[in-house]
file coords_1.pdb (PDB, C-alpha atoms and all ligand atoms)
ATOM      1  CA  MET A   1       5.497   8.175  25.598
ATOM      2  CA  THR A   2       7.360   7.449  22.404
ATOM      3  CA  GLU A   3       5.964   8.910  19.213
ATOM      4  CA  VAL A   4       6.419   7.484  15.733
ATOM      5  CA  HIS A   5       9.599   8.670  14.079
ATOM      6  CA  ARG A   6      12.281   7.212  11.859
ATOM      7  CA  ASN A   7      13.888   4.107  13.398
ATOM      8  CA  THR A   8      11.031   3.296  15.712
ATOM      9  CA  VAL A   9       9.251  -0.054  15.655
ATOM     10  CA  VAL A  10       5.541   0.568  15.304
ATOM     11  CA  ARG A  11       2.839  -2.016  15.878
ATOM     12  CA  PHE A  12      -0.523  -0.928  14.558
ATOM     13  CA  GLU A  13      -3.710  -2.010  12.845
ATOM     14  CA  TYR A  14      -5.575  -0.092  10.209
ATOM     15  CA  VAL A  15      -8.474  -0.076   7.813
ATOM     16  CA  LEU A  16      -8.215   1.776   4.507
ATOM     17  CA  ARG A  17     -11.431   3.160   3.037
ATOM     18  CA  ILE A  18     -11.879   4.692  -0.378
ATOM     19  CA  ASP A  19     -15.153   6.423  -1.178
ATOM     20  CA  GLY A  20     -16.442   4.911   2.082
ATOM     21  CA  GLU A  21     -15.690   1.332   0.967
ATOM     22  CA  LYS A  22     -13.134  -0.823   2.726
ATOM     23  CA  ALA A  23     -10.220  -1.263   0.295
ATOM     24  CA  ASP A  24      -7.507  -2.731   2.490
ATOM     25  CA  SER A  25      -6.711  -3.508   6.107
ATOM     26  CA  SER A  26      -4.121  -5.095   8.299
ATOM     27  CA  PRO A  27      -4.688  -8.851   7.915
ATOM     28  CA  ASP A  28      -7.779 -10.089   9.802
ATOM     29  CA  GLY A  29      -7.547  -7.243  12.287
ATOM     30  CA  GLU A  30      -4.085  -8.422  13.315
ATOM     31  CA  PRO A  31      -1.595  -5.623  13.905
ATOM     32  CA  VAL A  32       1.320  -5.179  11.537
ATOM     33  CA  THR A  33       4.787  -4.294  12.783
ATOM     34  CA  VAL A  34       7.059  -2.009  10.776
ATOM     35  CA  LEU A  35      10.446  -0.415  11.177
ATOM     36  CA  CYS A  36       9.611   3.176  10.397
ATOM     37  CA  GLY A  37      11.717   4.658   7.610
ATOM     38  CA  HIS A  38      12.632   1.217   6.258
ATOM     39  CA  ALA A  39       9.289  -0.353   5.426
ATOM     40  CA  PRO A  40       8.367  -0.224   1.788
ATOM     41  CA  SER A  41       5.795   2.499   1.472
ATOM     42  CA  ARG A  42       2.789   0.269   1.474
ATOM     43  CA  PRO A  43      -0.005   1.060   2.015
ATOM     44  CA  PRO A  44       0.633   4.395   0.280
ATOM     45  CA  GLY A  45       1.227   7.397   2.493
ATOM     46  CA  LEU A  46       0.320   5.737   5.762
ATOM     47  CA  GLU A  47       3.765   5.454   7.268
ATOM     48  CA  ALA A  48       4.548   9.124   6.665
ATOM     49  CA  ALA A  49       1.169  10.132   8.047
ATOM     50  CA  LEU A  50       1.849   8.308  11.307
ATOM     51  CA  LEU A  51       5.001  10.339  12.011
ATOM     52  CA  GLY A  52       4.771  12.237  15.292
ATOM     53  CA  ARG A  53       1.788  10.253  16.554
ATOM     54  CA  PRO A  54       1.714   8.537  19.943
ATOM     55  CA  PRO A  55       0.027   5.150  20.545
ATOM     56  CA  GLY A  56      -3.754   5.253  20.356
ATOM     57  CA  TYR A  57      -6.575   5.750  17.883
ATOM     58  CA  PHE A  58      -5.969   7.550  14.609
ATOM     59  CA  ARG A  59      -8.032   8.670  11.658
ATOM     60  CA  ILE A  60      -6.203  10.246   8.724
ATOM     61  CA  VAL A  61      -7.521  11.374   5.350
ATOM     62  CA  LEU A  62      -4.731  11.733   2.790
ATOM     63  CA  PRO A  63      -5.201  13.668  -0.446
ATOM     64  CA  PRO A  64      -3.850  11.829  -3.533
ATOM     65  CA  GLU A  65      -0.656  13.896  -3.604
ATOM     66  CA  ARG A  66       0.297  12.531  -0.170
ATOM     67  CA  ALA A  67      -0.767   8.975  -1.007
ATOM     68  CA  ALA A  68      -0.646   7.142  -4.342
ATOM     69  CA  GLY A  69      -0.278  10.279  -6.462
ATOM     70  CA  ALA A  70      -2.493  11.781  -9.123
ATOM     71  CA  HIS A  71      -4.227   9.559 -11.649
ATOM     72  CA  ASP A  72      -2.478   9.909 -15.009
ATOM     73  CA  PRO A  73      -5.003   9.448 -17.847
ATOM     74  CA  LEU A  74      -2.125   8.699 -20.253
ATOM     75  CA  LYS A  75      -1.525   5.483 -18.322
ATOM     76  CA  VAL A  76      -4.937   4.185 -19.332
ATOM     77  CA  THR A  77      -4.564   2.376 -22.641
ATOM     78  CA  THR A  78      -6.356  -0.202 -24.706
ATOM     79  CA  ALA A  79      -5.103  -3.535 -25.948
ATOM     80  CA  SER A  80      -6.656  -6.364 -27.886
ATOM     81  CA  ARG A  81      -7.497  -9.651 -26.226
ATOM     82  CA  GLY A  82      -4.893 -11.354 -28.419
ATOM     83  CA  GLU A  83      -2.083  -9.449 -26.696
ATOM     84  CA  PHE A  84      -2.783 -11.415 -23.505
ATOM     85  CA  PRO A  85      -1.752 -15.021 -22.930
ATOM     86  CA  ALA A  86      -4.353 -17.343 -24.437
ATOM     87  CA  ASP A  87      -5.124 -19.002 -21.105
ATOM     88  CA  ALA A  88      -5.275 -15.744 -19.112
ATOM     89  CA  ARG A  89      -8.460 -14.675 -17.366
ATOM     90  CA  VAL A  90      -8.896 -11.230 -18.861
ATOM     91  CA  GLU A  91     -11.516  -9.751 -16.562
ATOM     92  CA  VAL A  92     -12.036  -6.452 -14.792
ATOM     93  CA  GLY A  93      -9.878  -6.347 -11.664
ATOM     94  CA  GLU A  94      -7.242  -8.822 -12.885
ATOM     95  CA  SER A  95      -3.612  -7.659 -12.974
ATOM     96  CA  PHE A  96      -0.911  -8.492 -15.493
ATOM     97  CA  TYR A  97       2.766  -7.795 -15.849
ATOM     98  CA  ALA A  98       3.716  -5.872 -18.941
ATOM     99  CA  THR A  99       6.457  -3.558 -20.147
ATOM    100  CA  ASP A 100       5.947   0.067 -21.097
ATOM    101  CA  GLU A 101       7.351   1.717 -24.242
ATOM    102  CA  GLY A 102      10.655   2.213 -22.419
ATOM    103  CA  GLY A 103      10.874  -1.497 -21.642
ATOM    104  CA  ILE A 104      10.221  -0.878 -17.949
ATOM    105  CA  PRO A 105       8.134  -3.553 -16.193
ATOM    106  CA  VAL A 106       4.753  -2.295 -15.044
ATOM    107  CA  THR A 107       1.695  -3.852 -13.497
ATOM    108  CA  VAL A 108      -1.496  -3.152 -15.397
ATOM    109  CA  ARG A 109      -5.022  -3.664 -14.114
ATOM    110  CA  VAL A 110      -7.892  -4.484 -16.394
ATOM    111  CA  VAL A 111     -10.552  -1.795 -15.939
ATOM    112  CA  ALA A 112     -12.903  -2.618 -18.831
ATOM    113  CA  VAL A 113     -13.494  -5.370 -21.352
ATOM    114  CA  GLU A 114     -15.672  -4.794 -24.420
ATOM    115  CA  GLY A 115     -15.516  -7.635 -26.881
ATOM    116  CA  ASP A 116     -11.934  -7.837 -28.114
ATOM    117  CA  ARG A 117     -11.033  -4.455 -26.637
ATOM    118  CA  VAL A 118      -9.393  -4.489 -23.213
ATOM    119  CA  THR A 119      -8.777  -1.263 -21.308
ATOM    120  CA  VAL A 120      -5.865  -1.397 -18.883
ATOM    121  CA  ASP A 121      -4.607   1.083 -16.300
ATOM    122  CA  SER A 122      -0.961   1.144 -15.195
ATOM    123  CA  ASN A 123      -1.436   3.843 -12.558
ATOM    124  CA  PRO A 124      -0.683   2.683  -9.023
ATOM    125  CA  GLU A 125      -3.731   1.184  -7.389
ATOM    126  CA  PHE A 126      -5.561   3.978  -5.487
ATOM    127  CA  ALA A 127      -4.004   6.733  -7.649
ATOM    128  CA  GLY A 128      -6.098   9.887  -7.681
ATOM    129  CA  LYS A 129      -8.139   8.834  -4.646
ATOM    130  CA  PRO A 130      -8.245  10.364  -1.191
ATOM    131  CA  LEU A 131      -7.318   7.610   1.252
ATOM    132  CA  GLU A 132      -9.029   7.392   4.622
ATOM    133  CA  TYR A 133      -7.082   5.435   7.206
ATOM    134  CA  GLU A 134      -8.479   4.563  10.595
ATOM    135  CA  GLY A 135      -6.878   2.384  13.205
ATOM    136  CA  THR A 136      -4.926   2.048  16.392
ATOM    137  CA  ILE A 137      -1.236   2.323  17.139
ATOM    138  CA  HIS A 138      -0.637  -0.366  19.754
ATOM    139  CA  SER A 139       2.968   0.377  20.570
ATOM    140  CA  VAL A 140       5.980   2.418  19.544
ATOM    141  CA  ARG A 141       9.516   1.631  20.671
ATOM    142  CA  GLU A 142      12.983   2.671  19.656
ATOM    143  CA  ALA A 143      14.557   0.183  17.258
ATOM    144  CA  THR A 144      17.762  -1.517  18.337
ATOM    145  CA  PRO A 145      20.960  -0.614  16.439
ATOM    146  CA  GLU A 146      20.922  -4.145  15.027
ATOM    147  CA  GLU A 147      17.383  -3.705  13.653
ATOM    148  CA  VAL A 148      18.331  -0.407  12.011
ATOM    149  CA  ASP A 149      21.420  -2.080  10.568
ATOM    150  CA  HIS A 150      19.341  -4.960   9.159
ATOM    151  CA  GLY A 151      16.494  -2.722   8.030
ATOM    152  CA  HIS A 152      13.813  -4.880   9.608
ATOM    153  CA  VAL A 153      12.111  -5.668  12.906
ATOM    154  CA  HIS A 154      13.383  -8.419  15.202
ATOM    155  CA  GLY A 155      11.134 -10.322  17.615
ATOM    156  CA  GLU A 156       7.354  -9.983  17.778
ATOM    157  CA  GLY A 157       5.915  -9.256  14.351
ATOM    158  CA  GLY A 158       9.367  -9.330  12.756
ATOM    159  CA  VAL A 159      12.192 -11.609  11.698
ATOM    160  CA  GLU A 160      13.424 -14.326  14.069
ATOM    161  CA  HIS A 161      17.103 -14.961  13.505
TER     162      HIS A 161
HETATM  163 ZN    ZN B 201      17.804  -9.055  11.109
END
call {"tool": "encode", "arguments": {"input": "coords_1.pdb", "output": "structure tokens", "more": "lines below"}}
Ligand code: ZN
result
Amino acid sequence: MTEVHRNTVVRFEYVLRIDGEKADSSPDGEPVTVLCGHAPSRPPGLEAALLGRPPGYFRIVLPPERAAGAHDPLKVTTASRGEFPADARVEVGESFYATDEGGIPVTVRVVAVEGDRVTVDSNPEFAGKPLEYEGTIHSVREATPEEVDHGHVHGEGGVEH
């Protein structure tokens, strides 16, 4: 039986729980198909944690350092409501694009609103949290040389071309 390793095509479904609450999952219980080693690392840490696993059930709890990283308190800052576009919905949970002091684009999430004062967090979502993944690997197969060359899956769950 093939196990997950770099340049395998893995079809799996998963649920991500944080503090016991469902935070993410493969869409509507449908499996996702990834080319291992080429998929953008999303959701955080999962692809690496699947390495060496055969098809079947899995449950993995990743500490922050193996997932989205530690939560950096310096990335939590406050802004005034006037710094946001006038027509923007500035509410807890909304995300905005901004640039940091170095001019680098970042995504910030609104974590608190008190009057004119808006607290935003530019840490990656899930930073500082242990991530609990549970799911099933449906299949693992060796990628074709063409898939490795293209960096994506061909056929079921992938690119048709
Ligand atoms: Zn292709």
call {"tool": "residues_around", "arguments": {"input": "coords_1.pdb", "residues": "Gly93 in chain A", "least_positions_apart": "2", "cutoff": "9 Å", "atoms": "only C-alpha atoms", "output": "list in words"}}
result
Val90, Glu91, Ser95, Arg109, Val110, Val111 and Ala112 of chain A
call {"tool": "write_last_selection", "arguments": {"input": "coords_1.pdb", "atoms": "C-alpha atoms", "output": "compact mmCIF listing (two decimals), in the frame of the given file"}}
result
# COMPACT_ATOMS: atom_id res chain seq x y z
CA VAL A 90 -8.90 -11.23 -18.86
CA GLU A 91 -11.52 -9.75 -16.56
CA SER A 95 -3.61 -7.66 -12.97
CA ARG A 109 -5.02 -3.66 -14.11
CA VAL A 110 -7.89 -4.48 -16.39
CA VAL A 111 -10.55 -1.80 -15.94
CA ALA A 112 -12.90 -2.62 -18.83
call {"tool": "resolve_selection", "arguments": {"input": "coords_1.pdb", "expression": "the PyMOL selection byres (((chain A and resi 31) around 6) and not hetatm)", "output": "list in words"}}
result
Phe12, Glu13, Glu30 and Val32 of chain A
call {"tool": "residues_near_point", "arguments": {"input": "coords_1.pdb", "point": "(-1.2, -4.5, -25.6)", "cutoff": "12 Å", "atoms": "all atoms listed in the file", "output": "list in words"}}
result
Val76, Thr77, Thr78, Ala79, Ser80, Arg81, Gly82, Glu83, Phe84, Pro85, Phe96, Tyr97, Ala98, Thr99, Asp100, Glu101, Val108, Val110, Asp116, Arg117, Val118, Thr119, Val120, Asp121 and Ser122 of chain A
call {"tool": "atom_distance", "arguments": {"input": "coords_1.pdb", "atom1": "CA of Val106 in chain A", "atom2": "CA of Ala23 in chain A"}}
result
21.5 Å
call {"tool": "resolve_selection", "arguments": {"input": "coords_1.pdb", "expression": "the PyMOL selection byres (((chain A and resi 126) around 12) and not hetatm)", "output": "PyMOL selection string"}}
result
chain A and resi 16-19+23-24+42-45+62-72+109+121-125+127-132
call {"tool": "residues_near_ligand", "arguments": {"input": "coords_1.pdb", "ligand": "ligand ZN 201 (chain B)", "cutoff": "6 Å", "atoms": "all atoms listed in the file", "output": "tab-separated table (two decimals) with C-alpha atoms, in the frame of the given file"}}
result
chain	number	residue	atom	x	y	z
A	147	GLU	CA	17.38	-3.70	13.65
A	150	HIS	CA	19.34	-4.96	9.16
A	152	HIS	CA	13.81	-4.88	9.61
call {"tool": "closest_residue", "arguments": {"input": "coords_1.pdb", "among": "A:Ala48, A:Leu35, A:Ile137, A:Val148", "to": "Tyr14 in chain A", "atoms": "only C-alpha atoms"}}
result
A:Ile137
call {"tool": "closest_residue", "arguments": {"input": "coords_1.pdb", "among": "A:Lys22, A:Arg141, A:Arg6, A:His38", "to": "Pro55 in chain A", "atoms": "all atoms listed in the file"}}
result
A:Arg141
call {"tool": "residues_near_point", "arguments": {"input": "coords_1.pdb", "point": "(5.9, 9.5, 23.7)", "cutoff": "10 Å", "atoms": "all atoms listed in the file", "output": "list in words"}}
result
Met1, Thr2, Glu3, Val4, Gly52, Arg53, Pro54, Pro55, Val140 and Arg141 of chain A
call {"tool": "write_last_selection", "arguments": {"input": "coords_1.pdb", "atoms": "C-alpha atoms", "output": "PDB file, in the frame of the given file"}}
result
ATOM      1  CA  MET A   1       5.497   8.175  25.598  1.00  0.00           C
ATOM      2  CA  THR A   2       7.360   7.449  22.404  1.00  0.00           C
ATOM      3  CA  GLU A   3       5.964   8.910  19.213  1.00  0.00           C
ATOM      4  CA  VAL A   4       6.419   7.484  15.733  1.00  0.00           C
ATOM      5  CA  GLY A  52       4.771  12.237  15.292  1.00  0.00           C
ATOM      6  CA  ARG A  53       1.788  10.253  16.554  1.00  0.00           C
ATOM      7  CA  PRO A  54       1.714   8.537  19.943  1.00  0.00           C
ATOM      8  CA  PRO A  55       0.027   5.150  20.545  1.00  0.00           C
ATOM      9  CA  VAL A 140       5.980   2.418  19.544  1.00  0.00           C
ATOM     10  CA  ARG A 141       9.516   1.631  20.671  1.00  0.00           C
TER      11      ARG A 141
END
call {"tool": "residues_around", "arguments": {"input": "coords_1.pdb", "residues": "His154 in chain A", "least_positions_apart": "5", "cutoff": "12 Å", "atoms": "all atoms listed in the file", "output": "ChimeraX atom specification"}}
result
/A:8-10,33-35,142-149,159-161
call {"tool": "closest_residue", "arguments": {"input": "coords_1.pdb", "among": "A:Cys36, A:Ile60, A:Ala86, A:Leu46", "to": "Val153 in chain A", "atoms": "only C-alpha atoms"}}
result
A:Cys36
call {"tool": "closest_residue", "arguments": {"input": "coords_1.pdb", "among": "A:Glu94, A:Ser139, A:Leu74, A:Val15", "to": "Gly157 in chain A", "atoms": "all atoms listed in the file"}}
result
A:Ser139
call {"tool": "atom_distance", "arguments": {"input": "coords_1.pdb", "atom1": "CA of Ala88 in chain A", "atom2": "CA of Thr107 in chain A"}}
result
14.9 Å
call {"tool": "atom_distance", "arguments": {"input": "coords_1.pdb", "atom1": "CA of Arg89 in chain A", "atom2": "CA of Glu114 in chain A"}}
result
14.1 Å
call {"tool": "axis_aligned_box", "arguments": {"input": "coords_1.pdb", "around": "range 49-66 of chain A", "padding_each_side": "8 Å", "output": "lines of an AutoDock Vina configuration file"}}
result
center_x = -1.5
center_y = 9.5
center_z = 8.5
size_x = 29.0
size_y = 24.7
size_z = 40.1
call {"tool": "closest_residue", "arguments": {"input": "coords_1.pdb", "among": "A:Gly158, A:Tyr133, A:Arg11, A:Gly115", "to": "Ala49 in chain A", "atoms": "all atoms listed in the file"}}
result
A:Tyr133
call {"tool": "build_atoms", "arguments": {"input": "coords_1.pdb", "residues": "range 29-40 of chain A", "atoms": "all heavy atoms", "output": "PDB file, keeping the file's coordinate frame"}}
result
ATOM      1  N   GLY A  29      -7.565  -8.025  11.054  1.00  0.00           N
ATOM      2  CA  GLY A  29      -7.547  -7.243  12.287  1.00  0.00           C
ATOM      3  C   GLY A  29      -6.305  -7.461  13.125  1.00  0.00           C
ATOM      4  O   GLY A  29      -6.211  -6.961  14.236  1.00  0.00           O
ATOM      5  N   GLU A  30      -5.350  -8.224  12.599  1.00  0.00           N
ATOM      6  CA  GLU A  30      -4.085  -8.422  13.315  1.00  0.00           C
ATOM      7  C   GLU A  30      -3.217  -7.195  13.101  1.00  0.00           C
ATOM      8  O   GLU A  30      -3.162  -6.660  11.997  1.00  0.00           O
ATOM      9  CB  GLU A  30      -3.347  -9.630  12.751  1.00  0.00           C
ATOM     10  CG  GLU A  30      -3.910 -10.964  13.169  1.00  0.00           C
ATOM     11  CD  GLU A  30      -3.570 -11.255  14.618  1.00  0.00           C
ATOM     12  OE1 GLU A  30      -2.378 -11.216  14.966  1.00  0.00           O
ATOM     13  OE2 GLU A  30      -4.511 -11.508  15.392  1.00  0.00           O
ATOM     14  N   PRO A  31      -2.499  -6.752  14.125  1.00  0.00           N
ATOM     15  CA  PRO A  31      -1.595  -5.623  13.905  1.00  0.00           C
ATOM     16  C   PRO A  31      -0.445  -5.999  12.983  1.00  0.00           C
ATOM     17  O   PRO A  31      -0.077  -7.167  12.891  1.00  0.00           O
ATOM     18  CB  PRO A  31      -1.059  -5.315  15.304  1.00  0.00           C
ATOM     19  CG  PRO A  31      -1.866  -6.099  16.256  1.00  0.00           C
ATOM     20  CD  PRO A  31      -2.488  -7.224  15.508  1.00  0.00           C
ATOM     21  N   VAL A  32       0.082  -5.007  12.296  1.00  0.00           N
ATOM     22  CA  VAL A  32       1.320  -5.179  11.537  1.00  0.00           C
ATOM     23  C   VAL A  32       2.420  -4.448  12.300  1.00  0.00           C
ATOM     24  O   VAL A  32       2.148  -3.528  13.063  1.00  0.00           O
ATOM     25  CB  VAL A  32       1.204  -4.634  10.097  1.00  0.00           C
ATOM     26  CG1 VAL A  32       0.231  -5.453   9.276  1.00  0.00           C
ATOM     27  CG2 VAL A  32       0.813  -3.166  10.088  1.00  0.00           C
ATOM     28  N   THR A  33       3.656  -4.887  12.094  1.00  0.00           N
ATOM     29  CA  THR A  33       4.787  -4.294  12.783  1.00  0.00           C
ATOM     30  C   THR A  33       5.785  -3.819  11.741  1.00  0.00           C
ATOM     31  O   THR A  33       6.193  -4.601  10.886  1.00  0.00           O
ATOM     32  CB  THR A  33       5.460  -5.333  13.712  1.00  0.00           C
ATOM     33  OG1 THR A  33       4.460  -5.923  14.534  1.00  0.00           O
ATOM     34  CG2 THR A  33       6.504  -4.679  14.589  1.00  0.00           C
ATOM     35  N   VAL A  34       6.128  -2.546  11.774  1.00  0.00           N
ATOM     36  CA  VAL A  34       7.059  -2.009  10.776  1.00  0.00           C
ATOM     37  C   VAL A  34       8.199  -1.261  11.454  1.00  0.00           C
ATOM     38  O   VAL A  34       8.053  -0.744  12.558  1.00  0.00           O
ATOM     39  CB  VAL A  34       6.358  -1.047   9.773  1.00  0.00           C
ATOM     40  CG1 VAL A  34       5.232  -1.744   9.048  1.00  0.00           C
ATOM     41  CG2 VAL A  34       5.872   0.217  10.452  1.00  0.00           C
ATOM     42  N   LEU A  35       9.324  -1.245  10.765  1.00  0.00           N
ATOM     43  CA  LEU A  35      10.446  -0.415  11.177  1.00  0.00           C
ATOM     44  C   LEU A  35      10.331   0.880  10.385  1.00  0.00           C
ATOM     45  O   LEU A  35      10.546   0.916   9.176  1.00  0.00           O
ATOM     46  CB  LEU A  35      11.768  -1.131  10.875  1.00  0.00           C
ATOM     47  CG  LEU A  35      13.052  -0.358  11.163  1.00  0.00           C
ATOM     48  CD1 LEU A  35      13.105   0.123  12.609  1.00  0.00           C
ATOM     49  CD2 LEU A  35      14.269  -1.223  10.849  1.00  0.00           C
ATOM     50  N   CYS A  36       9.949   1.931  11.079  1.00  0.00           N
ATOM     51  CA  CYS A  36       9.611   3.176  10.397  1.00  0.00           C
ATOM     52  C   CYS A  36      10.825   3.762   9.682  1.00  0.00           C
ATOM     53  O   CYS A  36      11.906   3.855  10.255  1.00  0.00           O
ATOM     54  CB  CYS A  36       9.065   4.165  11.414  1.00  0.00           C
ATOM     55  SG  CYS A  36       8.273   5.570  10.665  1.00  0.00           S
ATOM     56  N   GLY A  37      10.632   4.131   8.423  1.00  0.00           N
ATOM     57  CA  GLY A  37      11.717   4.658   7.610  1.00  0.00           C
ATOM     58  C   GLY A  37      12.368   3.589   6.765  1.00  0.00           C
ATOM     59  O   GLY A  37      13.173   3.894   5.892  1.00  0.00           O
ATOM     60  N   HIS A  38      12.037   2.316   7.015  1.00  0.00           N
ATOM     61  CA  HIS A  38      12.632   1.217   6.258  1.00  0.00           C
ATOM     62  C   HIS A  38      11.588   0.368   5.549  1.00  0.00           C
ATOM     63  O   HIS A  38      11.902  -0.375   4.637  1.00  0.00           O
ATOM     64  CB  HIS A  38      13.456   0.311   7.182  1.00  0.00           C
ATOM     65  CG  HIS A  38      14.595   1.019   7.835  1.00  0.00           C
ATOM     66  ND1 HIS A  38      15.874   0.973   7.352  1.00  0.00           N
ATOM     67  CD2 HIS A  38      14.627   1.838   8.916  1.00  0.00           C
ATOM     68  CE1 HIS A  38      16.668   1.718   8.132  1.00  0.00           C
ATOM     69  NE2 HIS A  38      15.932   2.247   9.082  1.00  0.00           N
ATOM     70  N   ALA A  39      10.335   0.462   6.028  1.00  0.00           N
ATOM     71  CA  ALA A  39       9.289  -0.353   5.426  1.00  0.00           C
ATOM     72  C   ALA A  39       9.008   0.168   4.035  1.00  0.00           C
ATOM     73  O   ALA A  39       8.984   1.368   3.806  1.00  0.00           O
ATOM     74  CB  ALA A  39       8.020  -0.279   6.271  1.00  0.00           C
ATOM     75  N   PRO A  40       8.807  -0.709   3.090  1.00  0.00           N
ATOM     76  CA  PRO A  40       8.367  -0.224   1.788  1.00  0.00           C
ATOM     77  C   PRO A  40       7.064   0.546   1.988  1.00  0.00           C
ATOM     78  O   PRO A  40       6.268   0.186   2.841  1.00  0.00           O
ATOM     79  CB  PRO A  40       8.144  -1.486   0.968  1.00  0.00           C
ATOM     80  CG  PRO A  40       8.398  -2.640   1.861  1.00  0.00           C
ATOM     81  CD  PRO A  40       8.830  -2.152   3.204  1.00  0.00           C
TER      82      PRO A  40
END
